[in-house]
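The block underneath contains the structure these notes are about, expressed in structure tokens.
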Amino acid sequence: MDVRRMSRVVMALSGGMDSTALLLRMLARRSEVTCISYDYGQKHILELQRAAANIEYLESKGYEVEHHVADLSSAMALFDSALTDSQISVPEGHYEEEQMKQTVVPNRNAIFSSILYGYALSVSSKEDVDVSVALGVHSGDHAIYPDCRPEFYDALVQAFEAGNWGSHRVTMDLPYVDGDKESILRDAMVSCDSLGVDFDTVFRNTNTSYSPDQLGRSSGRTGADVERILAFHAIGRKDPVEYVEDWSTVLERALATEKEYEAAL
């Protein structure tokens with residue numbers, strides 16, 4: 001019996017730290033993984049290059065990962081968001097501040113999840129296997145992104161199950177939904193040890209910033225940047241990704257941003 005085929009996973013891989021940690025987790029469980037990335041016209045499309053770089057690195061270490069990029073750019077260009085509209089600047093500040101709602105892409109996770117679920121149903125039928133749909137959503141996103149909340153996925157799964165044949169063979173896996181970026185990084189450290197891959201190399205090949213510069217360096221100023229910087233600081237590590245400014249500067253600013261936000265509550 002092929003043990004690997006007992007665990008079949010279809011997951012979203014954005015190229016950011018959360019979904020990358022999720023990929024590591026799935027591989028550490030010895031799952032057979034298919035990743036789907038999305039080109040939805042995002043300004044930080046650099047993340048797709050980083051996703052491909054990590055797939056290449058993991059394959060060099062002996063881990064096979066099927067990877068597809070779905071082009072949704074024409075459809076999602078119709079939506080209003082600072083992440084896709086060149087006329088709207090990406091806001092800076094704490095990741096839970098009100099202005100960060102400008103980075104919401106309407107219905108994004110419903111669209112992404114629908115594609116994942118449809119692909120999982122196809123895999124289940126073709127390969128005669130049970131399939132898990134995995135997403136790296138976490139509690140740090142709940143305040144600003146309603147489509148990252150548990151109740152959203154509970155309702156979504158109910159709709160998927162009602163609207164599809166074969167849904168009894170597909171499940172939704174949200175291992176980080178009650179965690180935060182710090183716990184995600186700690187989980188990734190365990191996975192890297194299990195897989196024998198280098199943590200810094202993997203996370204250097206990620207992008208979290210919504211406004212990287214032309215050289216691919218993170219700004220350190222967007223809400224997503226601040227959240228990531230604070231998470232690396234919490235685990236006692238320097239973020240290996242390159243920032244426009246040095247690590248001590250971006251860390252000091254992130255800590256100050258957090259302090260200002262908490263003082264304003």
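Ordered as shown in the structure tokens, chains take letters A, B, and onward, while each chain numbers its residues from 1 and ligands are numbered from 1 in the order shown.
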- Contact residues around Ala75 (chain A) with only C-alpha atoms at 12 Å, ignoring same-chain residues under 6 positions, as number ranges by chain: A: 38-41, 84, 106, 108, 111
Would you mind exporting C-alpha atoms of the selected residues as a JSON list (two decimals), in the first residue's frame?
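Final output, saved to again-v3.json:
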```
[["chain", "number", "residue", "atom", "x", "y", "z"],
["A", 38, "TYR", "CA", -3.47, 32.86, -7.39],
["A", 39, "ASP", "CA", -2.59, 35.74, -9.67],
["A", 40, "TYR", "CA", -5.41, 38.14, -8.88],
["A", 41, "GLY", "CA", -3.69, 41.32, -9.98],
["A", 84, "THR", "CA", -5.30, 45.56, -6.62],
["A", 106, "PRO", "CA", -14.03, 41.48, -1.48],
["A", 108, "ARG", "CA", -11.38, 36.75, -1.99],
["A", 111, "ILE", "CA", -13.33, 32.54, -4.48]]
```
- So how far away is CA of Pro240 (chain A) from CA of Asp200 (chain A), in Å?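 It comes out at 5.7 Å.
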- Just the residues within 7 Å of region 185-199 of chain A, please, counting only C-alpha atoms, with nothing from its chain fewer than 5 positions along; format it as a PyMOL selection string. chain A and resi 21+24-25+28
- Between CA of Phe79 (chain A) and CA of Ala12 (chain A) lies a distance of 20.4 Å
- Backbone DSSP call of alpha helix (DSSP H) for region 96-243 of chain A, listed as number ranges by chain: A: 108-127, 150-163, 181-195, 199-204, 223-234
- Message: I want to know what sits within 12 Å of region 152-161 of chain A, based on only C-alpha atoms, with residues of the same chain fewer than 4 positions away left out; could you give that as an NGL selection string?
- Response: :A and (107 or 109-118 or 120-121 or 133-135 or 137 or 142 or 145-148 or 165-174 or 177)
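Each of A:Gly93, A:Leu265, A:Thr103, A:Leu58 was checked against Ser219 (chain A) using only C-alpha atoms; the smallest atom-to-atom distance is that of A:Gly93.
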- Just give me the gap between CA of Gly62 (chain A) and CA of Thr20 (chain A) in Å, one decimal is fine. 16.8 Å
- Residues within 10 Å of Tyr210 (chain A), only C-alpha atoms, excluding chain neighbours under 2 positions, as a list in words: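 So, after excluding close chain neighbours, the residues are Gln42, Lys43, His44, Ile45, Leu46, Glu47, Ala82, Leu83, Val90, Pro91, Glu92, Thr103, Asn207, Thr208, Pro212, Asp213, Ser218, Ser219, Gly220, Arg221, Thr222, Gly223, Ala224 and Asp225 of chain A.
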- Message: Please determine, counting only C-alpha atoms, which residue among A:Gln102, A:Ser125, A:Ser37, A:Thr249 has the shortest atom-to-atom distance to Leu72 (chain A).
- Response: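 Looking only at the distances to Leu72 (chain A), the closest residue turns out to be A:Ser37.
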- With distances taken over only C-alpha atoms, which of A:Leu48, A:Ile55, A:Val65, A:Ala231 is nearest to Glu32 (chain A)?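 For Glu32 (chain A), the nearest of the candidates is A:Val65.
DSSP, applied to the backbone of this structure, assigns strand (DSSP E) to the following residues of region 87-251 of chain A: Val131, Ser132, Val133, Ala134, Val170, Thr171, Met172 and Asp173 of chain A.
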Output for the residues just chosen: N, CA and C atoms as a PDB file, in the first residue's frame:
```
ATOM      1  N   VAL A 131      -9.667  13.727   0.313  1.00  0.00           N
ATOM      2  CA  VAL A 131      -8.801  14.897   0.125  1.00  0.00           C
ATOM      3  C   VAL A 131      -9.094  15.939   1.199  1.00  0.00           C
ATOM      4  N   SER A 132      -8.029  16.541   1.712  1.00  0.00           N
ATOM      5  CA  SER A 132      -8.142  17.637   2.667  1.00  0.00           C
ATOM      6  C   SER A 132      -7.803  18.949   1.963  1.00  0.00           C
ATOM      7  N   VAL A 133      -8.669  19.945   2.112  1.00  0.00           N
ATOM      8  CA  VAL A 133      -8.407  21.288   1.606  1.00  0.00           C
ATOM      9  C   VAL A 133      -7.823  22.103   2.756  1.00  0.00           C
ATOM     10  N   ALA A 134      -6.587  22.550   2.622  1.00  0.00           N
ATOM     11  CA  ALA A 134      -5.888  23.228   3.717  1.00  0.00           C
ATOM     12  C   ALA A 134      -5.666  24.700   3.400  1.00  0.00           C
ATOM     13  N   VAL A 170     -14.261  15.082   0.947  1.00  0.00           N
ATOM     14  CA  VAL A 170     -13.430  16.287   1.026  1.00  0.00           C
ATOM     15  C   VAL A 170     -13.672  16.979   2.370  1.00  0.00           C
ATOM     16  N   THR A 171     -12.601  17.302   3.072  1.00  0.00           N
ATOM     17  CA  THR A 171     -12.693  18.000   4.350  1.00  0.00           C
ATOM     18  C   THR A 171     -11.887  19.294   4.301  1.00  0.00           C
ATOM     19  N   MET A 172     -12.201  20.217   5.199  1.00  0.00           N
ATOM     20  CA  MET A 172     -11.482  21.485   5.306  1.00  0.00           C
ATOM     21  C   MET A 172     -10.555  21.431   6.508  1.00  0.00           C
ATOM     22  N   ASP A 173      -9.288  21.795   6.315  1.00  0.00           N
ATOM     23  CA  ASP A 173      -8.293  21.764   7.381  1.00  0.00           C
ATOM     24  C   ASP A 173      -7.752  23.181   7.590  1.00  0.00           C
TER      25      ASP A 173
END
```
- Query: Nearest to Thr257 (chain A): which of A:Arg228, A:Ser124, A:Val202, A:His94 is it, counting only C-alpha atoms?
  - Reply: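 Using only C-alpha atoms, Thr257 (chain A) sits closest to A:His94.
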- Note on the structure: Using only C-alpha atoms, the best pick from A:Met11, A:Ile144, A:Met26, A:Ile229 as closest to Asp246 (chain A) would be A:Ile229
